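Participant: Can you read through this structure? Questions will come right after.
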Amino acid sequence: MTRLDRSWLPTIVVSALFIIVVAVMWEPLPAHFNEPAKPGQRVPAPPQSVSIDDLLAIRGFLLADDWPRLDSALVFNHDSARRDVHYETHYRALMDALDASDPALRPHVDAWVDHEPSSAVAHIARATYFDQLAQAARGTAYENETSRGQRLGMREWQELSRRDLETAKTLDADNVLVYWLELGLAFSGATIDRAALLKEGLAHSPGSLLLPVRRVLLLTPRWGGSVDEMQQYAREAGRARDINPRLATIQGFVNYDAARGLRESNQNDKAVAELTKALEYGEHFEFRHDRGTILYNQGKYEAALDDLDHALAERPGYLDALSLRSVVYEKLAATATGARRAELLSHANADVLNAVALDSTDKDVKWAMKRHGATRALASAAPSPPVSHVIDEAQFLDSYNAVRAEEQLGLIYTESGVDIRVIFAREIPGNLETFALARLRELGIGRDAEARGLLLVYDVAGRRMRMEVGRGLEGILPDGFVGYLMREQTAAFFASGNKALGLTSTLFVISNRLREAALNDRYDPARISYLKDSVRLAAGGGATTSASVGSDPAALATRALSSAALARFAPQPTVAAAHHRYLEALRDGFYQPDLPVYTAATAPVLRRFPITAPYASFILYSEYGHKYVIVERGDIAILYYTSTPFVSTHHFHRSQAGWQVDIAADVRNTREFIGGGYTWAMVPSGDEYARTFADQYVDVDGYLRPLRGDNRRLPNRR
């Protein structure tokens with residue numbers, strides 16, 4: 001699949017919610033990204049490894065005050081950039097999760113720095129946040145239209161940003177974002193020796209593209225420079241193209257700045273021509289965004305969409321582009337009909353939700369929200385989700401996780417037509433089942449979907465939960481199954497303090513049961529027998545369980561491994577044997593992250609997303625008994641299925657002791673989706689597996705899928 005395929009945009013990347021951004025090992029980029037550019041050669045952007053869901057996961061960690069995960073994710077990306085300068089683009093893109101002016105973030109960034117005072121990335125993150133507040137305080141007017149009060153407000157925030165950057169530099173002088181942010185202070189009039197700062201930064205980050213881009217923009221005529229100075233600096237920066245071929249892009253900023261001047265004088269066709277010339281030097285998200293903006297204003301929506309897709313592939317959290325793309329989708333929907341209109345509106349909705357989750361206070365996001373609200377009526381004739389899937393009367397979820405849950409449920413509806421709602425009630429007196437049934441009828445859940453509806457109610461004060469299942473789903477989601485799921489999955493995560501992951505992972509399991517039913521995958525007695533517990537999959541309209549919210553990690557704890565278990569789950573002589581041991585471990589309750597049959601890199605991944613009994617059952621039922629293909633090459637191998645389209649590729653590594661399951665590689669190279677024609681796809685990370693097995697995958701309707709795998713498309717309402 002190409003990174004610009006738009007069929008993915010309305011989907012939720014579920015694995016990102018399960019901490020995929022915390023990578024566990026570094027791999028170099030493909031070799032051609034380290035080759036010097038030839039004269040006149042257009043240099044592409046590096047492959048995308050940061051998604052919008054990675055940014056939202058980072059934001060979720062911040063709002064949950066989960067400082068270890070924040071540090072792990074950002075330090076990993078910084079270390080990658082330090083080892084290979086091409087990764088600095090990914091590092092900068094990930095920081096967009098913190099590049100917001102929402103006042104509600106202040107307590108969280110302060111708490112992070114207070115708790116981790118020796119963390120350079122914590123200080124850089126807060127400096128990034130303060131920088132955005134400085135820009136918000138100044139506003140967007142020209143200097144002669146900016147009040148003294150606005151300038152004073154800007155300088156106060158800048159001073160706070162500068163202090164954090166000084167601290168960060170003493171903690172980690174090699175961090176490229178320290179110098180990038182310091183150079184940025186010059187845009188607001190701060191007195192800085194720009195040349196000396198650039199030299200210092202490049203001494204620590206040779207071949208950096210971020211720093212020269214900042215420098216060349218400070219040389220534009222509007223910032224006191226000249227075209228001659230820009231061209232001279234572009235030539236100087238280009239001398240380091242043997243380190244980073246993308247430095248050829250710096251020359252394109254001369255055309256980029258010329259295009260801005262032409263736009264201001266309404267010479268838009270000439271501005272487009274200048275931006276096209278800029279792109280001849282190399283891909284850059286700002287070139288694409290500006291050209292896409294002009295094309296949008298000219299009513300050339302398809303061309304604008306292509307440019308915005310490119311911009312967001314490099315910087316998925318660039319709010320200007322994300323907001324504009326949502327409006328472009330709606331413009332295209334205005335002249336579309338039927339399924340195509342529904343698809344475009346779904347794309348628009350996803351972009352707006354993502355932009356709001358990143359920064360609802362941003363002016364471009366507010367503009368997109370207004371346009372989005374004005375065009376919602378377009379969806380009236382198309383299959384559309386209910387107005388609200390999450391009714392949080394108790395403010396049980398924070399705003400970030402409420403938005404993500406709403407999006408996840410909307411896409412389940414888009415995919416399956418099943419109407420799922422969640423109610424968090426402050427207190428429910430009396431019988432919970434009676435309350436749930438009354439709300440089910442009051443809200444009309446499943447009324448337009450042949451009684452294919454489900455209501456999850458959580459009584460916060462009473463610490464109890466009820467899942468009410470509509471008649472049309474009783475054969476798919478029987479009461480024995482939903483009761484087991486609530487007790488062992490939802491309630492377990494609630495008790496551990498991870499409310500959001502308890503909800504999203506529960507919905508993920510339910511979604512996959514619906515998918516199996518969509519392809520007429522009836523219960524296989526052999527698979528039920530293998531699970532040993534038919535209650536997990538029993539046929540039965542609803543179930544109730546107790547569910548306390550706490551902060552006890554023991555709620556998800558696993559038992560210590562005995563010597564017999566260590567021997568049983570040792571590395572295996574074959575890939576097939578290692579896979580079989582993996583399934584046995586899930587079947588028999590060995591959920592420990594450090595089983596010897598797992599690679600060392602797998603353990604941190606499983607610690608961050610503990611396996612529960614329902615999730616293990618879901619994996620087992622999805623995989624056991626299905627046919628698969630194994631491809632071995634040297635000391636690595638992949639396994640993919642040929643009789644089910646729902647299970648993503650497994651990766652294996654051979655150590656001296658034998659074959660091991662590499663779940664860390666699964667996480668790096670695959671993504672699970674909700675809302676599209678396929679439930680997963682390969683997203684190659686550029687690691688050893690991706691390079692070695694590239695010929696084993698093929699583009700199927702925009703998704704990278706196994707060449708000989710089961711590639712049946714999932715029926716859905718889109």
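Residues in the structure tokens are numbered from 1 in each chain, the chains being A, B, ... in the order shown, and ligands are numbered from 1 in the order shown.
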Please run DSSP on the backbone and report, as a ChimeraX atom specification, all residues within stretch 368-503 of chain A that come out as helix (DSSP H, G or I).
Facilitator: /A:368-374,376-381,399-416,432-443,471-473,479-496,499-503
Participant: Between A:Lys270, A:His86, A:Arg148, A:Arg59, which residue has the minimum interatomic distance to A:Ile243, considering only C-alpha atoms?
Facilitator: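 Checking each candidate against A:Ile243, we get A:His86 as the closest.
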Participant: Go through A:Gln592, A:Asn175, A:Ser119, A:Ser208 one by one, measure the shortest atom-to-atom distance of each to A:Pro610 using only C-alpha atoms, and give the residue with the smallest value.
Facilitator: A:Gln592
Participant: If you count only C-alpha atoms, which residues fall within 9 Å of stretch 351-359 of chain A, apart from same-chain ones fewer than 2 positions away, as a ChimeraX atom specification?
Facilitator: /A:9-10,52-53,55-56,59,96-102,317-319,322-323,325-327,346-349,361-362,365-366,368-369,372,399-401,403-404,407
